[in-house]
$ cat entry03.pdb   # PDB, C-alpha atoms
ATOM      1  CA  MET L 693     -17.304  15.297   5.579
ATOM      2  CA  GLU L 694     -17.951  12.506   3.085
ATOM      3  CA  SER L 695     -16.049   9.245   3.520
ATOM      4  CA  TYR L 696     -15.043   6.337   1.311
ATOM      5  CA  LYS L 697     -16.274   2.952   2.480
ATOM      6  CA  VAL L 698     -13.110   1.324   1.132
ATOM      7  CA  LEU L 699     -10.814   3.486   3.313
ATOM      8  CA  LYS L 700     -10.264   3.368   7.054
ATOM      9  CA  LYS L 701      -8.231   6.571   6.906
ATOM     10  CA  GLN L 702      -9.909   9.437   5.037
ATOM     11  CA  ILE L 703      -7.520  12.370   5.420
ATOM     12  CA  PHE L 704      -3.886  12.402   4.276
ATOM     13  CA  ASN L 705      -1.364  15.177   4.671
ATOM     14  CA  SER L 706       2.181  16.288   4.009
ATOM     15  CA  GLY L 707       3.013  19.281   6.182
ATOM     16  CA  ASP L 708       0.378  21.974   5.596
ATOM     17  CA  PHE L 709      -0.882  20.152   2.481
ATOM     18  CA  GLU L 710      -3.964  18.011   3.127
ATOM     19  CA  ILE L 711      -6.416  15.976   1.081
ATOM     20  CA  GLN L 712      -9.869  14.767   2.100
ATOM     21  CA  PRO L 713     -12.693  13.047   0.173
ATOM     22  CA  ILE L 714     -13.908  15.384  -2.557
ATOM     23  CA  ARG L 715     -16.572  17.818  -1.407
ATOM     24  CA  PHE L 716     -19.770  18.490  -3.314
ATOM     25  CA  GLN L 717     -19.429  22.201  -2.550
ATOM     26  CA  ASP L 718     -16.174  22.355  -4.546
ATOM     27  CA  ARG L 719     -17.722  21.133  -7.799
ATOM     28  CA  PHE L 720     -18.006  24.475  -9.603
ATOM     29  CA  GLN L 721     -14.572  25.689  -8.580
ATOM     30  CA  ILE L 722     -13.165  22.415  -9.909
ATOM     31  CA  LYS L 723     -15.124  22.953 -13.134
ATOM     32  CA  ARG L 724     -13.514  26.364 -13.609
ATOM     33  CA  TRP L 725     -10.035  24.952 -13.022
ATOM     34  CA  ARG L 726     -10.614  22.123 -15.483
ATOM     35  CA  ASN L 727     -11.922  24.437 -18.184
ATOM     36  CA  ALA L 728      -8.923  26.750 -17.720
ATOM     37  CA  GLN L 729      -6.521  23.816 -18.186
ATOM     38  CA  ILE L 730      -8.355  21.778 -20.793
ATOM     39  CA  PHE L 731      -5.211  21.782 -22.979
ATOM     40  CA  HIS L 732      -3.512  19.107 -20.843
ATOM     41  CA  LEU L 733      -6.590  17.128 -19.782
ATOM     42  CA  ARG L 734      -8.391  14.301 -21.528
ATOM     43  CA  GLN L 735     -11.445  16.532 -21.752
ATOM     44  CA  LYS L 736     -12.787  17.383 -25.203
ATOM     45  CA  HIS L 737     -15.085  20.291 -24.412
ATOM     46  CA  PRO L 738     -15.529  22.917 -21.668
ATOM     47  CA  LEU L 739     -17.786  21.762 -18.862
ATOM     48  CA  SER L 740     -21.046  23.537 -18.116
ATOM     49  CA  ASP L 741     -22.574  23.880 -14.654
ATOM     50  CA  LYS L 742     -25.163  21.317 -15.739
ATOM     51  CA  ASP L 743     -22.443  18.872 -16.845
ATOM     52  CA  GLN L 744     -20.624  19.192 -13.524
ATOM     53  CA  GLU L 745     -23.795  18.918 -11.458
ATOM     54  CA  ARG L 746     -24.764  15.737 -13.279
ATOM     55  CA  TYR L 747     -21.272  14.247 -12.939
ATOM     56  CA  PHE L 748     -21.157  14.778  -9.188
ATOM     57  CA  LYS L 749     -24.661  13.437  -8.620
ATOM     58  CA  GLU L 750     -24.440  10.443 -10.947
ATOM     59  CA  VAL L 751     -20.764   9.472 -10.654
ATOM     60  CA  VAL L 752     -18.991  11.018  -7.667
ATOM     61  CA  ASN L 753     -21.800  10.381  -5.174
ATOM     62  CA  GLN L 754     -21.739   6.688  -6.016
ATOM     63  CA  LEU L 755     -18.023   6.299  -5.263
ATOM     64  CA  TYR L 756     -18.271   6.719  -1.492
ATOM     65  CA  ASP L 757     -20.227   3.508  -0.843
ATOM     66  CA  GLN L 758     -18.610   1.231  -3.421
ATOM     67  CA  ASP L 759     -16.373  -1.659  -2.370
ATOM     68  CA  ARG L 760     -14.143  -1.122  -5.393
ATOM     69  CA  PRO L 761     -14.642   2.379  -6.778
ATOM     70  CA  SER L 762     -13.085   3.185 -10.143
ATOM     71  CA  GLN L 763     -11.586   6.351  -8.685
ATOM     72  CA  LEU L 764     -10.910   7.972  -5.322
ATOM     73  CA  LEU L 765     -11.142  11.755  -5.608
ATOM     74  CA  PHE L 766     -10.045  14.332  -3.043
ATOM     75  CA  SER L 767     -10.268  18.054  -2.443
ATOM     76  CA  CYS L 768      -6.808  19.497  -1.710
ATOM     77  CA  PHE L 769      -6.043  22.157   0.880
ATOM     78  CA  VAL L 770      -3.119  24.208   2.116
ATOM     79  CA  LYS L 771      -3.738  25.670   5.556
ATOM     80  CA  ASN L 772      -7.450  24.892   5.103
ATOM     81  CA  GLU L 773      -7.689  26.815   1.813
ATOM     82  CA  LEU L 774      -8.891  24.874  -1.245
ATOM     83  CA  ILE L 775      -6.091  24.847  -3.842
ATOM     84  CA  GLY L 776      -6.882  21.895  -6.111
ATOM     85  CA  TYR L 777      -8.278  18.418  -6.456
ATOM     86  CA  GLY L 778      -7.138  14.988  -7.609
ATOM     87  CA  GLY L 779      -6.661  11.412  -6.519
ATOM     88  CA  LEU L 780      -6.383   7.935  -7.966
ATOM     89  CA  VAL L 781      -8.276   7.216 -11.198
ATOM     90  CA  HIS L 782      -8.578   4.261 -13.573
ATOM     91  CA  ILE L 783      -8.118   2.017 -10.538
ATOM     92  CA  ASN L 784      -7.356  -1.612 -11.366
ATOM     93  CA  TRP L 785      -8.211  -3.559  -8.219
ATOM     94  CA  GLU L 786      -7.138  -6.916  -9.625
ATOM     95  CA  ASP L 787      -3.652  -5.752 -10.634
ATOM     96  CA  ARG L 788      -3.425  -3.229  -7.782
ATOM     97  CA  ASN L 789      -2.469  -0.140  -9.733
ATOM     98  CA  ALA L 790      -3.954   3.273 -10.456
ATOM     99  CA  GLU L 791      -3.288   6.475 -12.364
ATOM    100  CA  ILE L 792      -2.488   9.696 -10.525
ATOM    101  CA  SER L 793      -4.600  12.780 -11.215
ATOM    102  CA  PHE L 794      -4.012  16.278  -9.829
ATOM    103  CA  ILE L 795      -4.813  19.806 -10.945
ATOM    104  CA  MET L 796      -4.437  22.974  -8.929
ATOM    105  CA  ASP L 797      -5.675  26.524  -9.114
ATOM    106  CA  PRO L 798      -3.779  27.791 -12.214
ATOM    107  CA  ARG L 799      -2.967  31.043 -10.401
ATOM    108  CA  LEU L 800      -0.723  29.031  -8.046
ATOM    109  CA  GLU L 801       1.276  27.178 -10.673
ATOM    110  CA  SER L 802       4.029  29.765 -11.188
ATOM    111  CA  SER L 803       4.981  29.798  -7.512
ATOM    112  CA  HIS L 804       3.846  26.457  -6.089
ATOM    113  CA  PHE L 805       3.575  23.918  -8.916
ATOM    114  CA  ILE L 806       6.496  21.692  -7.907
ATOM    115  CA  ASN L 807       5.973  21.928  -4.135
ATOM    116  CA  TYR L 808       2.278  21.110  -4.332
ATOM    117  CA  TRP L 809       2.847  18.240  -6.761
ATOM    118  CA  VAL L 810       5.499  16.713  -4.476
ATOM    119  CA  ALA L 811       3.160  17.052  -1.486
ATOM    120  CA  MET L 812       0.259  15.521  -3.428
ATOM    121  CA  LEU L 813       2.414  12.574  -4.493
ATOM    122  CA  LYS L 814       3.351  11.897  -0.864
ATOM    123  CA  CYS L 815      -0.309  11.860   0.129
ATOM    124  CA  LEU L 816      -1.284   9.570  -2.745
ATOM    125  CA  GLU L 817       1.605   7.205  -2.020
ATOM    126  CA  GLU L 818       0.360   6.762   1.535
ATOM    127  CA  LEU L 819      -3.156   6.222   0.202
ATOM    128  CA  ALA L 820      -2.075   3.717  -2.466
ATOM    129  CA  PHE L 821       0.810   1.890  -0.817
ATOM    130  CA  VAL L 822      -0.176   1.888   2.855
ATOM    131  CA  SER L 823      -3.983   2.135   2.983
ATOM    132  CA  LEU L 824      -4.747   0.126  -0.171
ATOM    133  CA  ASN L 825      -1.564  -1.960  -0.462
ATOM    134  CA  PHE L 826      -1.375  -1.239  -4.211
ATOM    135  CA  ASN L 827       1.644  -2.324  -6.183
ATOM    136  CA  LYS L 828       2.020   0.634  -8.547
ATOM    137  CA  ILE L 829       0.844   4.174  -9.267
ATOM    138  CA  TYR L 830       1.635   6.159 -12.385
ATOM    139  CA  THR L 831       1.099   9.400 -14.295
ATOM    140  CA  TYR L 832      -0.051   9.658 -17.905
ATOM    141  CA  ALA L 833       0.797  13.165 -19.096
ATOM    142  CA  TYR L 834       0.973  15.035 -22.375
ATOM    143  CA  ASP L 835       4.465  16.398 -23.004
ATOM    144  CA  LEU L 836       3.454  19.966 -22.213
ATOM    145  CA  ARG L 837       4.557  20.745 -18.646
ATOM    146  CA  PRO L 838       8.305  20.366 -17.917
ATOM    147  CA  LYS L 839       7.819  21.310 -14.254
ATOM    148  CA  LEU L 840       5.808  18.126 -13.759
ATOM    149  CA  TYR L 841       8.814  15.975 -14.681
ATOM    150  CA  GLU L 842      10.927  17.841 -12.144
ATOM    151  CA  ALA L 843       8.393  17.099  -9.393
ATOM    152  CA  LEU L 844       8.279  13.445 -10.429
ATOM    153  CA  LYS L 845      12.078  13.249 -10.404
ATOM    154  CA  ILE L 846      12.230  14.728  -6.902
ATOM    155  CA  SER L 847       9.683  12.126  -5.786
ATOM    156  CA  LYS L 848      11.752   9.305  -7.370
ATOM    157  CA  TYR L 849       9.309   8.283 -10.099
ATOM    158  CA  THR L 850      10.673   6.325 -13.054
ATOM    159  CA  ASN L 851      10.151   7.482 -16.638
ATOM    160  CA  GLU L 852       8.660   4.201 -17.757
ATOM    161  CA  ALA L 853       7.625   4.994 -21.321
ATOM    162  CA  ILE L 854       7.353   7.667 -23.979
ATOM    163  CA  LEU L 855       4.560   7.300 -26.507
ATOM    164  CA  LYS L 856       5.910   9.299 -29.414
ATOM    165  CA  GLU L 857       3.487  11.804 -31.016
ATOM    166  CA  HIS L 858       0.620   9.921 -29.427
ATOM    167  CA  VAL L 859      -1.983  12.702 -29.350
ATOM    168  CA  TYR L 860      -2.867  15.864 -31.238
ATOM    169  CA  ILE L 861      -3.101  19.069 -29.208
ATOM    170  CA  ASN L 862      -4.442  22.009 -31.225
ATOM    171  CA  GLY L 863      -3.489  20.182 -34.404
ATOM    172  CA  VAL L 864       0.104  19.502 -33.270
ATOM    173  CA  PRO L 865       1.296  15.942 -32.464
ATOM    174  CA  LYS L 866       2.504  15.567 -28.885
ATOM    175  CA  SER L 867       4.087  12.696 -27.019
ATOM    176  CA  VAL L 868       2.715  11.120 -23.855
ATOM    177  CA  LEU L 869       5.076  10.429 -20.954
ATOM    178  CA  ILE L 870       4.350   7.741 -18.389
ATOM    179  CA  HIS L 871       6.090   7.892 -15.010
ATOM    180  CA  SER L 872       5.548   5.305 -12.304
ATOM    181  CA  LYS L 873       6.492   4.257  -8.813
ATOM    182  CA  LEU L 874       6.386   0.763  -7.344
ATOM    183  CA  ASN L 875       5.429  -0.096  -3.803
ATOM    184  CA  ASN L 876       8.590  -1.293  -2.092
ATOM    185  CA  LYS L 877       7.207  -0.743   1.397
ATOM    186  CA  LYS L 878       7.095  -3.695   3.758
ATOM    187  CA  VAL L 879       3.835  -3.664   5.703
ATOM    188  CA  LEU L 880       2.800  -6.088   8.424
ATOM    189  CA  ARG L 881      -0.945  -6.576   8.831
ATOM    190  CA  LYS L 882      -3.017  -8.797  11.066
ATOM    191  CA  ALA L 883      -4.045 -12.122   9.584
ATOM    192  CA  ASN L 884      -7.798 -12.430   9.084
ATOM    193  CA  ARG L 885     -10.289 -15.193   8.284
ATOM    194  CA  GLY L 886      -9.965 -14.465   4.573
ATOM    195  CA  ASP L 887      -6.311 -15.583   4.686
ATOM    196  CA  TRP L 888      -7.210 -19.252   5.115
ATOM    197  CA  GLU L 889      -6.524 -20.078   1.462
ATOM    198  CA  LEU L 890      -3.200 -18.235   1.362
ATOM    199  CA  THR L 891      -1.957 -19.848   4.581
ATOM    200  CA  TYR L 892      -3.145 -23.277   3.405
ATOM    201  CA  LYS L 893      -1.152 -22.856   0.201
ATOM    202  CA  TRP L 894       1.946 -22.050   2.229
ATOM    203  CA  ALA L 895       1.328 -24.953   4.621
ATOM    204  CA  LYS L 896       1.215 -27.407   1.689
ATOM    205  CA  ASP L 897       4.302 -26.044  -0.088
ATOM    206  CA  PRO L 898       6.962 -28.787   0.184
ATOM    207  CA  ASN L 899       9.779 -26.227   0.167
ATOM    208  CA  ILE L 900       8.260 -24.596   3.262
ATOM    209  CA  ARG L 901       6.977 -27.779   4.877
ATOM    210  CA  LYS L 902      10.413 -29.427   4.958
ATOM    211  CA  TYR L 903      11.490 -27.003   7.701
ATOM    212  CA  SER L 904       8.427 -27.688   9.863
ATOM    213  CA  PHE L 905       8.680 -29.940  12.919
ATOM    214  CA  ASN L 906       5.355 -31.466  11.874
ATOM    215  CA  GLN L 907       6.014 -33.278   8.614
ATOM    216  CA  SER L 908       2.515 -34.788   8.328
ATOM    217  CA  GLN L 909       0.317 -33.947   5.377
ATOM    218  CA  ILE L 910      -2.276 -31.276   6.155
ATOM    219  CA  ASP L 911      -5.811 -31.483   4.812
ATOM    220  CA  LEU L 912      -8.035 -28.438   4.441
ATOM    221  CA  GLU L 913     -10.391 -29.313   7.295
ATOM    222  CA  ASN L 914      -7.564 -29.615   9.818
ATOM    223  CA  HIS L 915      -5.913 -26.448   8.527
ATOM    224  CA  LEU L 916      -9.112 -24.431   8.866
ATOM    225  CA  SER L 917      -9.637 -25.684  12.403
ATOM    226  CA  TRP L 918      -6.044 -24.816  13.356
ATOM    227  CA  PHE L 919      -6.042 -21.462  11.557
ATOM    228  CA  TYR L 920      -9.308 -20.167  13.000
ATOM    229  CA  SER L 921      -8.311 -21.289  16.492
ATOM    230  CA  LYS L 922      -5.102 -19.243  16.230
ATOM    231  CA  LEU L 923      -7.024 -16.154  15.114
ATOM    232  CA  SER L 924      -9.460 -16.419  18.026
ATOM    233  CA  ASN L 925      -6.778 -17.133  20.657
ATOM    234  CA  GLU L 926      -5.816 -13.944  22.491
ATOM    235  CA  ASN L 927      -2.412 -15.479  23.256
ATOM    236  CA  SER L 928      -1.626 -15.947  19.579
ATOM    237  CA  LYS L 929      -0.577 -12.984  17.415
ATOM    238  CA  TYR L 930      -0.645 -13.769  13.700
ATOM    239  CA  TYR L 931       0.550 -11.362  10.992
ATOM    240  CA  ILE L 932       0.979 -11.298   7.213
ATOM    241  CA  LEU L 933       3.917  -9.486   5.567
ATOM    242  CA  CYS L 934       3.039  -7.513   2.425
ATOM    243  CA  LEU L 935       5.541  -6.211  -0.093
ATOM    244  CA  GLY L 936       4.558  -4.182  -3.121
ATOM    245  CA  GLY L 937       0.911  -5.157  -2.838
ATOM    246  CA  SER L 938       1.642  -8.888  -2.505
ATOM    247  CA  GLU L 939       1.469 -11.161   0.531
ATOM    248  CA  VAL L 940       4.966 -12.610   0.891
ATOM    249  CA  GLY L 941       5.073 -14.337   4.264
ATOM    250  CA  SER L 942       3.630 -14.774   7.723
ATOM    251  CA  ILE L 943       4.822 -14.614  11.322
ATOM    252  CA  ARG L 944       3.097 -15.884  14.448
ATOM    253  CA  PHE L 945       3.808 -15.462  18.147
ATOM    254  CA  ASP L 946       2.363 -17.927  20.654
ATOM    255  CA  ILE L 947       2.531 -16.311  24.085
ATOM    256  CA  ILE L 948       3.170 -18.472  27.146
ATOM    257  CA  GLY L 949       3.667 -16.448  30.295
ATOM    258  CA  ASN L 950       6.340 -13.852  29.569
ATOM    259  CA  GLU L 951       7.693 -15.721  26.547
ATOM    260  CA  ALA L 952       6.638 -15.371  22.910
ATOM    261  CA  ILE L 953       7.432 -18.356  20.708
ATOM    262  CA  VAL L 954       7.978 -17.140  17.168
ATOM    263  CA  SER L 955       7.314 -19.041  13.948
ATOM    264  CA  TYR L 956       7.623 -17.502  10.497
ATOM    265  CA  LEU L 957       7.754 -18.375   6.813
ATOM    266  CA  ILE L 958       8.506 -16.645   3.525
ATOM    267  CA  ASP L 959       6.726 -17.521   0.274
ATOM    268  CA  THR L 960       9.173 -19.525  -1.843
ATOM    269  CA  LYS L 961       8.855 -16.994  -4.680
ATOM    270  CA  TYR L 962      10.445 -14.383  -2.400
ATOM    271  CA  THR L 963      13.080 -16.355  -0.510
ATOM    272  CA  ARG L 964      15.974 -14.612  -2.279
ATOM    273  CA  LYS L 965      14.793 -11.136  -1.290
ATOM    274  CA  ARG L 966      16.213 -11.406   2.258
ATOM    275  CA  LEU L 967      12.849 -10.857   3.901
ATOM    276  CA  GLY L 968      13.455 -13.173   6.875
ATOM    277  CA  THR L 969      15.205 -10.515   8.961
ATOM    278  CA  ASP L 970      12.565  -7.917   8.042
ATOM    279  CA  ILE L 971       9.603 -10.061   9.030
ATOM    280  CA  ILE L 972      11.145 -10.970  12.384
ATOM    281  CA  LEU L 973      12.038  -7.384  13.273
ATOM    282  CA  LEU L 974       8.690  -5.990  12.091
ATOM    283  CA  GLY L 975       6.888  -8.797  13.901
ATOM    284  CA  ILE L 976       8.660  -8.232  17.217
ATOM    285  CA  LYS L 977       8.093  -4.494  16.982
ATOM    286  CA  ARG L 978       4.375  -5.042  16.360
ATOM    287  CA  LEU L 979       4.160  -7.629  19.147
ATOM    288  CA  LEU L 980       5.714  -5.312  21.727
ATOM    289  CA  LEU L 981       3.244  -2.568  20.819
ATOM    290  CA  GLU L 982       0.315  -4.922  21.400
ATOM    291  CA  VAL L 983       1.553  -7.079  24.288
ATOM    292  CA  GLY L 984       3.469  -5.372  27.070
ATOM    293  CA  SER L 985       4.025  -8.473  29.206
ATOM    294  CA  VAL L 986       6.472 -10.272  26.872
ATOM    295  CA  ASP L 987      10.121 -10.113  27.919
ATOM    296  CA  THR L 988      11.638 -13.014  25.949
ATOM    297  CA  ILE L 989      11.446 -14.149  22.322
ATOM    298  CA  VAL L 990      12.028 -17.860  21.674
ATOM    299  CA  ALA L 991      12.485 -19.758  18.395
ATOM    300  CA  SER L 992      13.152 -23.391  17.552
ATOM    301  CA  VAL L 993      14.864 -24.064  14.219
ATOM    302  CA  MET L 994      15.660 -27.330  12.462
ATOM    303  CA  PRO L 995      19.401 -27.853  11.750
ATOM    304  CA  ALA L 996      18.703 -28.053   7.998
ATOM    305  CA  ASN L 997      17.170 -24.551   7.998
ATOM    306  CA  VAL L 998      20.505 -22.798   7.591
ATOM    307  CA  SER L 999      19.092 -19.434   6.489
ATOM    308  CA  SER L1000      16.904 -19.092   9.612
ATOM    309  CA  ILE L1001      19.805 -20.095  11.843
ATOM    310  CA  ARG L1002      21.923 -17.337  10.321
ATOM    311  CA  ILE L1003      19.158 -14.766  10.740
ATOM    312  CA  PHE L1004      18.682 -15.445  14.452
ATOM    313  CA  GLU L1005      22.446 -15.466  14.975
ATOM    314  CA  LYS L1006      22.754 -12.128  13.192
ATOM    315  CA  LEU L1007      20.000 -10.672  15.374
ATOM    316  CA  GLY L1008      21.937 -11.604  18.498
ATOM    317  CA  PHE L1009      19.811 -14.483  19.771
ATOM    318  CA  LYS L1010      21.445 -16.910  22.185
ATOM    319  CA  LYS L1011      21.846 -20.287  20.484
ATOM    320  CA  GLU L1012      21.390 -23.609  22.270
ATOM    321  CA  LYS L1013      21.801 -27.068  20.698
ATOM    322  CA  LEU L1014      18.957 -29.425  21.515
ATOM    323  CA  LYS L1015      18.460 -33.033  20.432
ATOM    324  CA  GLN L1016      16.616 -32.291  17.185
ATOM    325  CA  ALA L1017      16.767 -28.527  16.875
ATOM    326  CA  PHE L1018      18.501 -25.299  17.762
ATOM    327  CA  LYS L1019      16.782 -23.149  20.366
ATOM    328  CA  PHE L1020      17.228 -19.381  20.087
ATOM    329  CA  THR L1021      16.327 -16.960  22.873
ATOM    330  CA  LYS L1022      16.686 -13.249  23.394
ATOM    331  CA  LEU L1023      15.515 -10.889  26.082
ATOM    332  CA  VAL L1024      13.428  -7.954  24.937
ATOM    333  CA  ASN L1025      15.214  -4.978  26.455
ATOM    334  CA  GLU L1026      16.770  -1.680  25.522
ATOM    335  CA  ASP L1027      19.641  -3.451  23.746
ATOM    336  CA  PHE L1028      17.332  -5.244  21.318
ATOM    337  CA  THR L1029      17.770  -3.539  17.944
ATOM    338  CA  ILE L1030      14.570  -3.250  15.897
TER     339      ILE L1030
END
$ encode --input "entry03.pdb" --output "structure tokens"
Amino acid sequence: MESYKVLKKQIFNSGDFEIQPIRFQDRFQIKRWRNAQIFHLRQKHPLSDKDQERYFKEVVNQLYDQDRPSQLLFSCFVKNELIGYGGLVHINWEDRNAEISFIMDPRLESSHFINYWVAMLKCLEELAFVSLNFNKIYTYAYDLRPKLYEALKISKYTNEAILKEHVYINGVPKSVLIHSKLNNKKVLRKANRGDWELTYKWAKDPNIRKYSFNQSQIDLENHLSWFYSKLSNENSKYYILCLGGSEVGSIRFDIIGNEAIVSYLIDTKYTRKRLGTDIILLGIKRLLLEVGSVDTIVASVMPANVSSIRIFEKLGFKKEKLKQAFKFTKLVNEDFTI
């Protein structure tokens, strides 16, 4: 099986529906399907065997090893039988969006069109939103197939735009409909060495810094030393929260014995999205999966940080007034709601 360098996970599925990196052996079957459905594709002329052979050798074969391929194409199967192909095309890596493409064996459309489209969308959403952390995926479709809009509605895509009489199909003007879906998934990933600039920006932000116990100015050299030491310390677990393709905050656990001391922040652009509770719960869940010895979570919060105080109170942490801070503790047990 071929594999895409840019992907850690290569196969995606929804029930019996499965996609895997497009296979060279499927090229002529795909050609036949495309030629049979040329009326709704942005394809001017029927493809020949020579055209398809050249396309796979000169274009598709190059995609597997590229860091930022322009498209990610997949062969589609139901119970191991090839039924179609598609993927993400016109990928914009800078803006983290891509267009959805999918065609199936036309003989299956009368009985399986909606079900297979819904299954394909689920696979591509996992690919785009979880594996690639994209912000948006969308369809660009000629107004020719009403069943497609039903599948998109079931999958909760938004009808974003209608381009009135935008194209001519067989001499007749037709509109183009654009449906889209945004990534609202909250994903916690491990911090890596490439996050030094992002974390330095947060560390310097005065609206974040004012709630830190260390009020000293931080220069880049000291930040890099501190940041890399945390990443290399096996007793420090450092994560970045991503929302809709954007990094929105960080959470760190410093483990001392059976205790994990938690520290978190939310980017000031996202402070009104109530992400504090989410990052703490996701962080603790991830921590417990990776470190089995922790039985207590501890946090220290400045009195002025009212929002964090409320979050820990809401999560059932025991609150203790210290000289210059509030200390919050909670045992990790079966009563801890995550």
$ residues_around --input "entry03.pdb" --residues "region 1014-1018 of chain L" --least-positions-apart "2" --cutoff "7 Å" --atoms "only C-alpha atoms" --output "PyMOL selection string"
chain L and resi 992-995+1011-1012+1020
$ write_last_selection --input "entry03.pdb" --atoms "C-alpha atoms" --output "PDB file, in the frame of the given file"
ATOM      1  CA  SER L 992      13.152 -23.391  17.552  1.00  0.00           C
ATOM      2  CA  VAL L 993      14.864 -24.064  14.219  1.00  0.00           C
ATOM      3  CA  MET L 994      15.660 -27.330  12.462  1.00  0.00           C
ATOM      4  CA  PRO L 995      19.401 -27.853  11.750  1.00  0.00           C
ATOM      5  CA  LYS L1011      21.846 -20.287  20.484  1.00  0.00           C
ATOM      6  CA  GLU L1012      21.390 -23.609  22.270  1.00  0.00           C
ATOM      7  CA  PHE L1020      17.228 -19.381  20.087  1.00  0.00           C
TER       8      PHE L1020
END
$ atom_distance --input "entry03.pdb" --atom1 "CA of Phe1009 (chain L)" --atom2 "CA of Ile976 (chain L)"
13.0 Å
$ atom_distance --input "entry03.pdb" --atom1 "CA of His871 (chain L)" --atom2 "CA of Ile829 (chain L)"
8.6 Å
$ resolve_selection --input "entry03.pdb" --expression "the PyMOL selection byres ((chain L and resi 890-900) around 7)" --output "PDB file with C-alpha atoms, in the coordinates of the input"
ATOM      1  CA  ASP L 887      -6.311 -15.583   4.686  1.00  0.00           C
ATOM      2  CA  TRP L 888      -7.210 -19.252   5.115  1.00  0.00           C
ATOM      3  CA  GLU L 889      -6.524 -20.078   1.462  1.00  0.00           C
ATOM      4  CA  ARG L 901       6.977 -27.779   4.877  1.00  0.00           C
ATOM      5  CA  LYS L 902      10.413 -29.427   4.958  1.00  0.00           C
ATOM      6  CA  TYR L 903      11.490 -27.003   7.701  1.00  0.00           C
ATOM      7  CA  ILE L 910      -2.276 -31.276   6.155  1.00  0.00           C
ATOM      8  CA  HIS L 915      -5.913 -26.448   8.527  1.00  0.00           C
ATOM      9  CA  ASP L 959       6.726 -17.521   0.274  1.00  0.00           C
TER      10      ASP L 959
END
$ resolve_selection --input "entry03.pdb" --expression "the PyMOL selection byres ((chain L and resi 830) around 10)" --output "NGL selection string"
:L and (780 or 789-793 or 828-829 or 831-833 or 849-852 or 870-874)
$ residues_around --input "entry03.pdb" --residues "Pro738 (chain L)" --least-positions-apart "5" --cutoff "10 Å" --atoms "only C-alpha atoms" --output "ChimeraX atom specification"
/L:723-724,726-730,743
$ decode --input "entry03.pdb" --residues "region 829-871 of chain L" --atoms "C-alpha atoms" --output "short mmCIF file (atom, residue, chain, number, x, y, z; two decimals), in the first residue's frame"
data_model
loop_
_atom_site.label_atom_id
_atom_site.label_comp_id
_atom_site.auth_asym_id
_atom_site.auth_seq_id
_atom_site.Cartn_x
_atom_site.Cartn_y
_atom_site.Cartn_z
CA ILE L 829 -13.41 21.82 4.18
CA TYR L 830 -15.94 22.55 1.47
CA THR L 831 -17.68 21.29 -1.66
CA TYR L 832 -17.90 23.15 -4.96
CA ALA L 833 -20.70 21.54 -6.97
CA TYR L 834 -22.72 22.32 -10.06
CA ASP L 835 -26.43 22.53 -9.28
CA LEU L 836 -27.18 19.18 -10.89
CA ARG L 837 -27.46 16.57 -8.12
CA PRO L 838 -30.12 17.23 -5.43
CA LYS L 839 -29.15 14.08 -3.52
CA LEU L 840 -25.77 15.63 -2.77
CA TYR L 841 -27.40 18.49 -0.85
CA GLU L 842 -29.34 15.98 1.23
CA ALA L 843 -26.12 14.17 2.18
CA LEU L 844 -24.48 17.48 3.06
CA LYS L 845 -27.47 18.48 5.18
CA ILE L 846 -27.34 15.19 7.08
CA SER L 847 -23.64 15.79 7.71
CA LYS L 848 -24.35 19.35 8.98
CA TYR L 849 -22.62 21.29 6.21
CA THR L 850 -23.58 24.93 5.73
CA ASN L 851 -24.76 26.26 2.37
CA GLU L 852 -22.21 29.04 2.28
CA ALA L 853 -22.78 30.51 -1.17
CA ILE L 854 -24.66 30.20 -4.43
CA LEU L 855 -22.92 31.45 -7.55
CA LYS L 856 -25.85 32.17 -9.82
CA GLU L 857 -25.59 30.81 -13.40
CA HIS L 858 -21.86 30.51 -12.93
CA VAL L 859 -21.11 27.83 -15.53
CA TYR L 860 -22.52 26.53 -18.80
CA ILE L 861 -23.37 22.82 -18.94
CA ASN L 862 -24.34 21.66 -22.44
CA GLY L 863 -25.10 25.26 -23.36
CA VAL L 864 -27.36 25.85 -20.33
CA PRO L 865 -26.31 28.21 -17.49
CA LYS L 866 -26.08 26.46 -14.13
CA SER L 867 -25.40 27.73 -10.64
CA VAL L 868 -22.58 26.53 -8.40
CA LEU L 869 -23.34 25.72 -4.76
CA ILE L 870 -20.66 25.87 -2.09
CA HIS L 871 -21.19 23.99 1.18
#
